[in-house]
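With compact mmCIF, C-alpha atoms (C1' of nucleotides) inside, this is model_24.txt:
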```
# COMPACT_ATOMS: atom_id res chain seq x y z
CA MET A 1243 146.51 150.69 113.08
CA THR A 1244 147.68 147.14 112.46
CA GLU A 1245 144.06 146.45 111.60
CA SER A 1246 143.93 149.42 109.26
CA LYS A 1247 145.78 148.01 106.30
CA ASP A 1248 143.91 144.75 106.56
CA THR A 1249 140.62 146.60 106.64
CA LYS A 1250 141.62 148.61 103.62
CA THR A 1251 142.71 145.57 101.61
CA GLN A 1252 139.56 143.78 102.66
CA MET A 1253 137.55 146.74 101.47
CA ARG A 1254 139.31 146.60 98.13
CA ALA A 1255 138.69 142.87 97.88
CA VAL A 1256 134.97 143.07 98.66
CA ALA A 1257 134.58 146.07 96.36
CA ALA A 1258 136.39 144.22 93.57
CA ARG A 1259 134.10 141.22 93.92
CA LEU A 1260 130.93 143.31 93.90
CA PHE A 1261 132.06 145.58 91.07
CA ALA A 1262 132.95 142.48 89.06
CA GLU A 1263 129.56 140.93 89.72
CA ARG A 1264 127.26 143.89 89.23
CA GLY A 1265 129.30 146.68 87.68
CA TYR A 1266 130.15 150.16 88.90
CA TYR A 1267 126.62 151.53 88.91
CA GLY A 1268 125.14 148.29 90.17
CA VAL A 1269 126.98 148.57 93.47
CA SER A 1270 126.61 151.34 96.04
CA LEU A 1271 129.03 152.25 98.79
CA ALA A 1272 126.36 151.12 101.23
CA ASN A 1273 126.26 147.68 99.57
CA ILE A 1274 130.00 147.23 99.95
CA ALA A 1275 129.98 148.53 103.50
CA ALA A 1276 127.13 146.20 104.46
CA GLU A 1277 129.17 143.16 103.41
CA LEU A 1278 132.04 144.43 105.52
CA GLY A 1279 129.83 145.08 108.50
CA LEU A 1280 130.69 148.78 108.37
CA THR A 1281 129.05 151.99 107.25
CA LYS A 1282 129.64 153.59 103.90
CA GLN A 1283 131.42 156.45 105.62
CA ALA A 1284 134.13 154.02 106.64
CA LEU A 1285 134.77 153.48 102.93
CA ILE A 1286 134.76 157.20 102.28
CA HIS A 1287 137.17 157.67 105.15
CA HIS A 1288 139.70 155.37 103.45
CA PHE A 1289 139.12 156.15 99.78
CA ALA A 1290 137.49 159.60 99.76
CA THR A 1291 135.21 158.83 96.81
CA LYS A 1292 133.60 155.84 95.14
CA ASP A 1293 135.53 156.61 91.97
CA ARG A 1294 138.82 156.46 93.83
CA LEU A 1295 137.93 153.13 95.40
CA TYR A 1296 137.04 151.78 91.97
CA ALA A 1297 140.29 153.14 90.57
CA GLU A 1298 142.29 151.38 93.28
CA VAL A 1299 140.50 148.14 92.48
CA LEU A 1300 141.42 148.50 88.82
CA THR A 1301 144.99 149.39 89.65
CA GLY A 1302 145.26 146.13 91.53
CA VAL A 1303 144.08 144.23 88.47
CA SER A 1304 146.47 146.14 86.26
CA ASN A 1305 149.42 145.37 88.52
CA ARG A 1306 148.62 141.69 88.63
CA ILE A 1307 148.39 141.58 84.85
CA SER A 1308 151.61 143.40 84.19
CA GLN A 1309 153.47 140.89 86.34
CA LEU A 1310 152.38 138.29 83.85
CA SER A 1311 154.26 139.59 80.88
CA ASP A 1312 157.60 137.84 81.30
CA ALA A 1313 157.24 134.55 79.49
CA THR A 1314 160.12 132.23 78.77
CA GLY A 1315 160.79 129.87 75.88
CA ALA A 1316 163.40 129.00 73.30
CA THR A 1317 161.44 129.90 70.17
CA PRO A 1318 158.99 132.79 69.72
CA GLU A 1319 156.28 130.15 69.33
CA ALA A 1320 157.16 128.59 72.66
CA GLN A 1321 157.26 132.05 74.24
CA LEU A 1322 153.77 132.83 73.01
CA GLU A 1323 152.52 129.50 74.26
CA SER A 1324 154.07 130.00 77.64
CA PHE A 1325 152.67 133.50 77.80
CA PHE A 1326 149.14 132.39 77.00
CA ASP A 1327 149.41 129.47 79.39
CA GLY A 1328 150.21 131.94 82.12
CA PHE A 1329 147.44 134.26 81.10
CA CYS A 1330 144.97 131.41 80.89
CA ALA A 1331 145.87 130.19 84.37
CA TYR A 1332 145.66 133.72 85.72
CA ALA A 1333 142.28 134.39 84.10
CA ILE A 1334 140.77 131.17 85.38
CA SER A 1335 142.11 131.60 88.88
CA HIS A 1336 141.13 135.28 88.99
CA PRO A 1337 137.67 135.39 87.42
CA THR A 1338 136.94 138.60 89.29
CA ASP A 1339 139.81 140.35 87.53
CA THR A 1340 138.70 139.00 84.18
CA ARG A 1341 135.16 140.22 84.70
CA LEU A 1342 136.35 143.63 85.81
CA LEU A 1343 138.48 143.98 82.70
CA LEU A 1344 135.63 142.93 80.47
CA ARG A 1345 133.32 145.44 82.12
CA GLU A 1346 135.95 148.10 81.76
CA LEU A 1347 136.17 147.28 78.07
CA LEU A 1348 132.41 147.51 77.68
CA ASP A 1349 131.97 150.72 79.65
CA ASN A 1350 135.10 152.24 78.13
CA LYS A 1351 136.33 155.68 79.20
CA HIS A 1352 135.51 155.08 82.82
CA SER A 1353 139.15 154.26 83.44
CA THR A 1354 140.91 155.50 86.55
CA GLY A 1355 140.94 159.07 85.44
CA GLN A 1356 144.63 158.55 84.78
CA GLN A 1357 144.21 158.17 81.05
CA GLY A 1358 141.67 158.08 78.27
CA ALA A 1359 140.67 154.49 78.14
CA ASP A 1360 142.43 151.20 78.44
CA TRP A 1361 145.80 152.18 79.76
CA TYR A 1362 146.20 148.69 81.13
CA LEU A 1363 145.32 146.97 77.88
CA GLU A 1364 147.39 148.94 75.44
CA PRO A 1365 150.94 147.94 76.47
CA PHE A 1366 149.65 144.45 77.04
CA LEU A 1367 148.30 144.27 73.50
CA ARG A 1368 151.42 145.80 72.03
CA GLY A 1369 153.58 143.20 73.72
CA LEU A 1370 151.35 140.45 72.43
CA ILE A 1371 151.44 141.71 68.86
CA ARG A 1372 155.20 142.03 68.97
CA ARG A 1373 155.49 138.46 70.22
CA LEU A 1374 153.17 137.17 67.52
CA GLN A 1375 155.12 138.97 64.82
CA ALA A 1376 158.25 137.24 66.06
CA THR A 1377 156.89 133.85 65.03
CA SER A 1378 157.84 132.46 61.65
CA ARG A 1379 154.27 132.20 60.39
CA TRP A 1380 153.29 135.77 61.23
CA ARG A 1381 156.62 137.49 60.69
CA ASP A 1382 155.30 139.67 57.91
CA ALA A 1383 151.78 140.10 59.25
CA PRO A 1384 150.70 143.75 59.32
CA ASP A 1385 149.69 145.17 62.70
CA PRO A 1386 145.92 145.01 62.16
CA GLN A 1387 146.09 141.34 61.24
CA ALA A 1388 148.28 140.51 64.21
CA LEU A 1389 145.90 142.47 66.42
CA ALA A 1390 142.90 140.60 65.05
CA ILE A 1391 144.53 137.28 65.88
CA CYS A 1392 145.59 138.31 69.38
CA TYR A 1393 142.18 139.78 70.04
CA GLN A 1394 140.45 136.58 69.10
CA LEU A 1395 142.60 134.63 71.52
CA LEU A 1396 142.04 137.14 74.29
CA GLY A 1397 138.33 137.09 73.60
CA ALA A 1398 138.08 133.32 73.48
CA LEU A 1399 139.58 133.18 76.95
CA SER A 1400 137.93 136.19 78.59
CA TYR A 1401 134.46 135.37 77.34
CA PHE A 1402 134.67 131.90 78.78
CA VAL A 1403 135.94 133.01 82.17
CA ALA A 1404 133.48 135.88 82.43
CA SER A 1405 130.59 133.55 81.67
CA GLN A 1406 131.33 131.38 84.67
CA ALA A 1407 128.14 132.18 86.56
CA ALA A 1408 125.92 131.98 83.49
CA LEU A 1409 127.45 128.71 82.32
CA LYS A 1410 127.12 127.12 85.72
CA GLN A 1411 123.45 127.93 85.61
CA ILE A 1412 123.00 126.55 82.11
CA ILE A 1413 124.96 123.31 82.30
CA GLY A 1414 125.19 122.84 86.05
CA ALA A 1415 128.10 123.22 88.45
CA ALA A 1416 129.39 119.68 87.94
CA HIS A 1417 129.54 119.98 84.15
CA TYR A 1418 131.07 123.39 84.51
CA SER A 1419 133.94 122.16 86.64
CA GLU A 1420 134.56 119.47 84.03
CA LEU A 1421 134.51 122.18 81.38
CA GLN A 1422 136.93 124.29 83.37
CA ASP A 1423 139.32 121.35 83.58
CA ILE A 1424 139.49 120.79 79.86
CA PHE A 1425 139.33 124.43 78.80
CA PRO A 1426 143.06 125.28 79.09
CA GLY A 1427 143.85 122.33 76.85
CA GLU A 1428 141.26 123.37 74.32
CA PHE A 1429 142.48 126.93 74.42
CA ARG A 1430 146.01 125.72 73.84
CA ARG A 1431 144.81 123.75 70.83
CA THR A 1432 143.26 126.91 69.39
CA LEU A 1433 146.48 128.81 69.94
CA ARG A 1434 148.54 126.12 68.25
CA ALA A 1435 146.12 125.93 65.34
CA LEU A 1436 146.83 129.61 64.72
CA LEU A 1437 150.61 129.45 65.04
CA MET B 980 97.96 156.57 67.22
CA THR B 981 99.89 156.16 63.99
CA GLU B 982 102.70 157.92 65.84
CA SER B 983 102.37 155.55 68.77
CA LYS B 984 104.08 152.49 67.41
CA ASP B 985 106.88 154.56 65.97
CA THR B 986 107.38 156.30 69.28
CA LYS B 987 107.46 152.97 71.06
CA THR B 988 109.99 151.42 68.67
CA GLN B 989 112.07 154.56 68.89
CA MET B 990 111.96 154.30 72.66
CA ARG B 991 113.15 150.70 72.44
CA ALA B 992 115.93 151.70 70.08
CA VAL B 993 117.23 154.55 72.22
CA ALA B 994 116.94 152.43 75.35
CA ALA B 995 118.83 149.59 73.66
CA ARG B 996 121.64 151.91 72.66
CA LEU B 997 121.99 153.41 76.12
CA PHE B 998 121.68 150.09 77.94
CA ALA B 999 124.34 148.67 75.64
CA GLU B 1000 126.65 151.61 76.30
CA ARG B 1001 126.27 152.04 80.04
CA GLY B 1002 124.41 149.00 81.35
CA TYR B 1003 121.09 148.65 83.12
CA TYR B 1004 122.03 150.56 86.27
CA GLY B 1005 124.05 153.12 84.36
CA VAL B 1006 120.97 154.42 82.56
CA SER B 1007 117.92 156.02 84.14
CA LEU B 1008 114.49 156.40 82.63
CA ALA B 1009 115.08 160.14 82.70
CA ASN B 1010 118.27 159.68 80.62
CA ILE B 1011 116.41 157.74 77.96
CA ALA B 1012 113.50 160.15 77.95
CA ALA B 1013 115.81 163.13 77.62
CA GLU B 1014 117.30 161.72 74.41
CA LEU B 1015 113.80 161.23 73.08
CA GLY B 1016 112.74 164.73 74.05
CA LEU B 1017 110.06 163.31 76.32
CA THR B 1018 109.54 162.82 80.04
CA LYS B 1019 110.25 159.59 81.83
CA GLN B 1020 106.53 159.17 82.41
CA ALA B 1021 106.08 158.75 78.69
CA LEU B 1022 108.32 155.69 78.98
CA ILE B 1023 106.38 154.41 81.98
CA HIS B 1024 103.16 154.94 80.08
CA HIS B 1025 104.34 152.59 77.33
CA PHE B 1026 106.33 150.03 79.32
CA ALA B 1027 105.03 150.31 82.89
CA THR B 1028 108.43 149.69 84.49
CA LYS B 1029 112.10 150.07 83.66
CA ASP B 1030 112.52 146.31 83.97
CA ARG B 1031 109.82 145.69 81.39
CA LEU B 1032 111.41 148.13 78.96
CA TYR B 1033 114.74 146.38 79.41
CA ALA B 1034 113.07 143.01 78.91
CA GLU B 1035 111.53 144.20 75.64
CA VAL B 1036 114.91 145.40 74.46
CA LEU B 1037 116.40 141.98 75.21
CA THR B 1038 113.51 140.21 73.53
CA GLY B 1039 114.29 142.16 70.40
CA VAL B 1040 117.88 140.97 70.50
CA SER B 1041 116.79 137.41 71.14
CA ASN B 1042 114.40 137.46 68.19
CA ARG B 1043 117.03 138.82 65.85
CA ILE B 1044 119.46 136.12 66.95
CA SER B 1045 117.07 133.23 66.60
CA GLN B 1046 116.39 134.23 63.01
CA LEU B 1047 120.04 133.58 62.38
CA SER B 1048 120.00 129.88 63.09
CA ASP B 1049 119.09 128.49 59.70
CA ALA B 1050 122.36 128.08 57.86
CA THR B 1051 122.73 126.25 54.59
CA GLY B 1052 125.54 124.14 53.19
CA ALA B 1053 126.27 120.76 51.67
CA THR B 1054 128.57 119.40 54.38
CA PRO B 1055 128.33 119.98 58.15
CA GLU B 1056 131.59 121.89 57.86
CA ALA B 1057 130.13 124.20 55.24
CA GLN B 1058 127.01 124.61 57.37
CA LEU B 1059 129.06 125.67 60.37
CA GLU B 1060 131.03 128.08 58.24
CA SER B 1061 127.92 129.59 56.78
CA PHE B 1062 126.38 129.87 60.23
CA PHE B 1063 129.38 131.65 61.68
CA ASP B 1064 129.63 133.90 58.65
CA GLY B 1065 126.07 134.97 59.31
CA PHE B 1066 126.67 135.42 62.99
CA CYS B 1067 129.84 137.37 62.34
CA ALA B 1068 128.08 139.71 59.93
CA TYR B 1069 125.21 140.12 62.36
CA ALA B 1070 127.49 140.84 65.32
CA ILE B 1071 129.52 143.41 63.42
CA SER B 1072 126.48 145.15 61.99
CA HIS B 1073 124.64 145.08 65.34
CA PRO B 1074 127.29 145.99 67.91
CA THR B 1075 124.57 147.20 70.26
CA ASP B 1076 123.04 143.72 70.36
CA THR B 1077 126.44 142.16 70.92
CA ARG B 1078 127.19 144.47 73.81
CA LEU B 1079 123.80 143.86 75.36
CA LEU B 1080 124.35 140.12 75.21
CA LEU B 1081 127.79 140.41 76.72
CA ARG B 1082 126.44 142.56 79.54
CA GLU B 1083 123.65 140.08 80.09
CA LEU B 1084 126.22 137.33 80.33
CA LEU B 1085 128.27 139.31 82.84
CA ASP B 1086 125.35 140.36 84.99
CA ASN B 1087 123.72 136.98 84.69
CA LYS B 1088 120.28 136.26 86.17
CA HIS B 1089 118.91 139.65 85.25
CA SER B 1090 117.14 138.07 82.31
CA THR B 1091 113.63 139.08 81.38
CA GLY B 1092 112.06 137.48 84.39
CA GLN B 1093 110.83 134.83 81.98
CA GLN B 1094 113.47 132.33 82.95
CA GLY B 1095 116.45 131.79 85.18
CA ALA B 1096 119.32 133.05 83.14
CA ASP B 1097 120.32 132.82 79.53
CA TRP B 1098 117.19 131.60 77.89
CA TYR B 1099 118.37 133.17 74.65
CA LEU B 1100 121.80 131.62 74.77
CA GLU B 1101 120.96 128.06 75.68
CA PRO B 1102 119.13 126.86 72.55
CA PHE B 1103 121.62 128.84 70.53
CA LEU B 1104 124.53 127.02 72.15
CA ARG B 1105 122.85 123.65 71.87
CA GLY B 1106 122.33 124.14 68.15
CA LEU B 1107 125.94 125.12 67.73
CA ILE B 1108 127.23 122.09 69.61
CA ARG B 1109 125.03 119.78 67.57
CA ARG B 1110 126.33 121.30 64.38
CA LEU B 1111 129.93 120.96 65.50
CA GLN B 1112 129.42 117.35 66.45
CA ALA B 1113 128.12 116.72 62.96
CA THR B 1114 131.53 117.49 61.47
CA SER B 1115 133.91 114.64 60.77
CA ARG B 1116 136.66 115.94 63.04
CA TRP B 1117 134.47 116.42 66.11
CA ARG B 1118 132.02 113.60 65.55
CA ASP B 1119 133.02 111.85 68.76
CA ALA B 1120 133.75 114.94 70.82
CA PRO B 1121 132.01 114.89 74.19
CA ASP B 1122 129.65 117.77 74.95
CA PRO B 1123 132.03 119.74 77.20
CA GLN B 1124 134.76 119.70 74.57
CA ALA B 1125 132.37 120.77 71.83
CA LEU B 1126 131.08 123.50 74.13
CA ALA B 1127 134.60 124.70 74.86
CA ILE B 1128 135.31 125.02 71.15
CA CYS B 1129 132.07 126.82 70.35
CA TYR B 1130 132.52 129.11 73.29
CA GLN B 1131 135.96 130.13 72.15
CA LEU B 1132 134.62 131.06 68.74
CA LEU B 1133 131.71 132.97 70.23
CA GLY B 1134 134.07 134.74 72.57
CA ALA B 1135 136.60 135.62 69.90
CA LEU B 1136 133.86 137.34 67.95
CA SER B 1137 131.88 138.98 70.77
CA TYR B 1138 134.94 140.35 72.53
CA PHE B 1139 136.12 142.04 69.39
CA VAL B 1140 132.76 143.59 68.55
CA ALA B 1141 132.11 144.70 72.12
CA SER B 1142 135.49 146.40 72.26
CA GLN B 1143 134.66 148.67 69.37
CA ALA B 1144 134.69 151.90 71.36
CA ALA B 1145 137.78 150.98 73.35
CA LEU B 1146 139.71 149.84 70.30
CA LYS B 1147 138.85 152.97 68.36
CA GLN B 1148 140.29 154.96 71.19
CA ILE B 1149 143.47 152.89 71.35
CA ILE B 1150 144.34 152.51 67.69
CA GLY B 1151 142.29 155.30 66.16
CA ALA B 1152 139.12 155.25 64.09
CA ALA B 1153 140.95 154.80 60.79
CA HIS B 1154 142.94 151.79 61.93
CA TYR B 1155 139.81 150.38 63.50
CA SER B 1156 137.82 150.49 60.30
CA GLU B 1157 140.70 148.69 58.61
CA LEU B 1158 140.64 146.14 61.40
CA GLN B 1159 136.90 145.72 61.03
CA ASP B 1160 137.35 145.01 57.34
CA ILE B 1161 139.82 142.21 57.83
CA PHE B 1162 138.28 140.74 60.96
CA PRO B 1163 135.66 138.49 59.32
CA GLY B 1164 138.39 136.90 57.21
CA GLU B 1165 140.60 136.36 60.24
CA PHE B 1166 137.71 134.94 62.18
CA ARG B 1167 136.98 132.57 59.33
CA ARG B 1168 140.59 131.46 59.38
CA THR B 1169 140.30 130.65 63.08
CA LEU B 1170 137.13 128.69 62.47
CA ARG B 1171 138.74 126.71 59.67
CA ALA B 1172 141.80 126.04 61.78
CA LEU B 1173 139.54 124.36 64.30
CA LEU B 1174 137.50 122.30 61.84
C1' DG C 1444 147.91 160.59 132.12
C1' DC C 1445 147.28 163.43 128.49
C1' DG C 1446 147.20 165.26 123.91
C1' DA C 1447 147.46 163.62 119.00
C1' DG C 1448 145.98 160.97 115.49
C1' DC C 1449 143.56 157.24 113.55
C1' DA C 1450 139.33 154.32 112.62
C1' DC C 1451 135.01 154.74 112.42
C1' DT C 1452 130.04 156.41 113.56
C1' DT C 1453 125.78 159.30 113.66
C1' DA C 1454 123.46 162.89 111.61
C1' DC C 1455 122.67 165.16 107.83
C1' DC C 1456 122.43 167.12 102.83
C1' DG C 1457 120.85 167.96 97.96
C1' DA C 1458 120.33 165.38 93.88
C1' DC C 1459 118.38 161.74 91.71
C1' DT C 1460 116.02 157.10 91.49
C1' DG C 1461 111.75 154.39 89.85
C1' DG C 1462 107.04 154.89 90.31
C1' DT C 1463 101.98 156.86 91.40
C1' DA C 1464 98.13 160.06 90.79
C1' DA C 1465 95.78 163.18 88.41
C1' DG C 1466 95.18 165.89 84.70
C1' DT C 1467 95.41 167.82 79.63
C1' DA C 1468 95.00 167.63 74.76
C1' DA C 1469 94.15 165.38 70.51
C1' DG C 1470 91.79 161.84 67.55
C1' DC C 1471 87.90 158.84 66.50
C1' DG C 1472 83.40 156.25 66.46
C1' DC C 1473 78.77 157.50 66.41
C1' DG D 1219 78.83 167.43 69.71
C1' DC D 1220 79.63 163.63 73.08
C1' DG D 1221 82.10 159.92 75.21
C1' DC D 1222 86.02 157.04 75.10
C1' DT D 1223 90.71 155.88 74.25
C1' DT D 1224 95.47 157.06 73.51
C1' DA D 1225 99.62 159.86 74.32
C1' DC D 1226 101.55 162.38 77.07
C1' DT D 1227 102.35 166.08 80.99
C1' DT D 1228 102.90 168.23 85.70
C1' DA D 1229 103.12 167.37 90.44
C1' DC D 1230 104.51 164.59 93.79
C1' DC D 1231 106.26 160.53 96.59
C1' DA D 1232 109.40 157.57 99.48
C1' DG D 1233 113.77 155.70 99.08
C1' DT D 1234 118.59 155.72 97.81
C1' DC D 1235 122.60 157.84 95.86
C1' DG D 1236 127.45 159.86 96.86
C1' DG D 1237 129.34 163.00 99.92
C1' DT D 1238 130.08 166.55 104.14
C1' DA D 1239 130.44 167.76 109.01
C1' DA D 1240 130.99 166.76 113.41
C1' DG D 1241 131.62 163.88 116.55
C1' DT D 1242 133.18 159.18 119.58
C1' DG D 1243 136.33 156.02 121.27
C1' DC D 1244 140.66 153.73 121.10
C1' DT D 1245 145.86 153.56 120.83
C1' DC D 1246 150.24 155.27 121.20
C1' DG D 1247 154.17 158.60 121.99
C1' DC D 1248 155.91 160.97 125.64
```

Turn this file's structure into structure tokens for me.
Amino acid sequence: MTESKDTKTQMRAVAARLFAERGYYGVSLANIAAELGLTKQALIHHFATKDRLYAEVLTGVSNRISQLSDATGATPEAQLESFFDGFCAYAISHPTDTRLLLRELLDNKHSTGQQGADWYLEPFLRGLIRRLQATSRWRDAPDPQALAICYQLLGALSYFVASQAALKQIIGAAHYSELQDIFPGEFRRTLRALL
Amino acid sequence: MTESKDTKTQMRAVAARLFAERGYYGVSLANIAAELGLTKQALIHHFATKDRLYAEVLTGVSNRISQLSDATGATPEAQLESFFDGFCAYAISHPTDTRLLLRELLDNKHSTGQQGADWYLEPFLRGLIRRLQATSRWRDAPDPQALAICYQLLGALSYFVASQAALKQIIGAAHYSELQDIFPGEFRRTLRALL
DNA sequence: GCGAGCACTTACCGACTGGTAAGTAAGCGC
DNA sequence: GCGCTTACTTACCAGTCGGTAAGTGCTCGC
């Protein structure tokens, strides 16, 4: 009983890691169970279906992201900066979440069954666009233009974080950790260059 | 015989589209064959294994990308701009390739079996970094910093193109086509802001 | 101390996976 | 017209997929 919730959260955690690494179809219930030292039926006992387990994993990501939205700052520019700083820190410290979101974006329509597609992304994007349009430079920018700018920033960040494994292999772990150290600063420079 | 090569290229094309949409494990040989109106054994006849078919698909992408590398321009800045213009046009007109590359980056190490990981990406990245370091602003930039900047640009572009399906669903096909029209200009603005 | 409920297992299931073996039909050199 | 190659098929395989059914054993209320 007291073990139960821990087991369940551990299941979610292992599943999240594997789904992030290999994708929904690249991971079987048996794979996840093996890492937990259990049988796949233990997973089915707790989550009923693979889809439901995946949905719970995504819900976790979504919740963590939506907690990010409250950024502070005197000017709209400072608010945007603070927001992206938070998002950047979150993305780098939660590469699994970032990879899951990117996969979700690629696969599209998998979703949690709750909605059509990117239920988690839409309000997030809308908030971003609104914030951008509050700045003096982009006050009159039409929605598509604001979206294009936000999307580039999101992409610049997500692509980097999601490439972690590949980059480590290309440039080596040591160089990668150096890269990871300077990246937030470089990302901030990009943001400022666009404000 | 005369049909043969066409059949084979058509197989590659259909496989590329499906792999791009659903990923390696999300597509079976039977799925691909069904779209071609053939049996999966026809695919095995031409490519021996699923892995080999996938490798040929990736090789096609790699070839198309490497043809992109020769950009012209008087100054290094102009060369970089011309290069990214070409890459932007390529990415937008070949969303399947872009998605395949992004998936490859996420899955890592799948590769073609030819090399460890991102054989296609490494020389590409190296060329980009060299070009960036030829500009007056980044002449003294250390490799990690130059890489961080290039990676952000690559990410800004790839993320947008790969999100095509998701974005269409969120903002509607009409708004998306508008977005697609203005994106290259916005991307160019980002590039210039960083040069 | 006993029944209830929970966590989890073993034993299956039909559907599907990538892949092999063997064959069929058509085209071509000679 | 014969033999060989190419393009593909049907038939089949062992293994794995997600999921069901029916337990087993442990804990806790009472």

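The two atoms in question, CA of Ser1041 in chain B and CA of Arg1341 in chain A, are spaced 23.0 Å apart.
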
Range 1234-1239 of chain D environment, 9 Å, all atoms listed in the file, sequence neighbours closer than 5 positions dropped, as number ranges by chain: A: 1270-1271, 1283, 1286, 1290-1292; C: 1454-1456, 1458-1460

Test item: residues at most 12 Å from Gln1046 in chain B, only C-alpha atoms (C1' of nucleotides), excluding those fewer than 3 positions along its chain, as a ChimeraX atom specification: /B:1039-1043,1049-1050,1062,1065-1066,1069,1099,1103

Distance of CA of Leu1107 in chain B from CA of Ser1048 in chain B, expressed in Å to one decimal place: 8.9 Å

Produce a table with one row for each residue of chain B that has an atom at most 7 Å from any atom of chain A, each row naming the nearest atom pair and its distance in Å at one decimal; use all atoms listed in the file; arrange rows by chain and rising residue number; format as CSV.
```
residue,atom,partner,partner_atom,distance
B:Glu1000,CA,A:Asp1349,CA,6.3
B:Arg1001,CA,A:Asp1349,CA,5.9
B:Tyr1004,CA,A:Tyr1267,CA,5.4
B:Gly1005,CA,A:Tyr1267,CA,5.5
B:Leu1084,CA,A:Ser1405,CA,5.9
B:Leu1085,CA,A:Ala1404,CA,6.3
B:Asp1086,CA,A:Arg1264,CA,5.8
B:Asn1087,CA,A:Ala1408,CA,5.6
B:Ala1096,CA,A:Ala1408,CA,6.7
B:Asp1097,CA,A:Ala1408,CA,6.9
B:Glu1101,CA,A:Ile1412,CA,6.9
B:Pro1123,CA,A:Leu1421,CA,5.4
B:Ala1127,CA,A:Phe1425,CA,6.2
B:Ile1128,CA,A:Glu1428,CA,6.9
B:Tyr1130,CA,A:Phe1402,CA,6.5
B:Gln1131,CA,A:Ala1398,CA,4.1
B:Leu1132,CA,A:Ala1398,CA,6.3
B:Gly1134,CA,A:Ala1398,CA,4.4
B:Ala1135,CA,A:Gln1394,CA,4.0
B:Leu1136,CA,A:Gln1394,CA,6.7
B:Tyr1138,CA,A:Gly1397,CA,4.8
B:Phe1139,CA,A:Tyr1393,CA,6.5
B:Ala1141,CA,A:Leu1348,CA,6.2
B:Ser1142,CA,A:Leu1347,CA,5.9
B:Ala1144,CA,A:Asn1350,CA,6.8
B:Ala1145,CA,A:Asn1350,CA,5.6
B:Gln1148,CA,A:Ala1359,CA,7.0
B:Ile1149,CA,A:Glu1364,CA,6.9
B:Leu1158,CA,A:Pro1386,CA,5.5
B:Phe1162,CA,A:Ala1390,CA,6.2
B:Glu1165,CA,A:Ala1390,CA,6.8
B:Thr1169,CA,A:Leu1436,CA,6.8
B:Ala1172,CA,A:Ala1435,CA,5.6
B:Leu1173,CA,A:Thr1432,CA,6.8
```
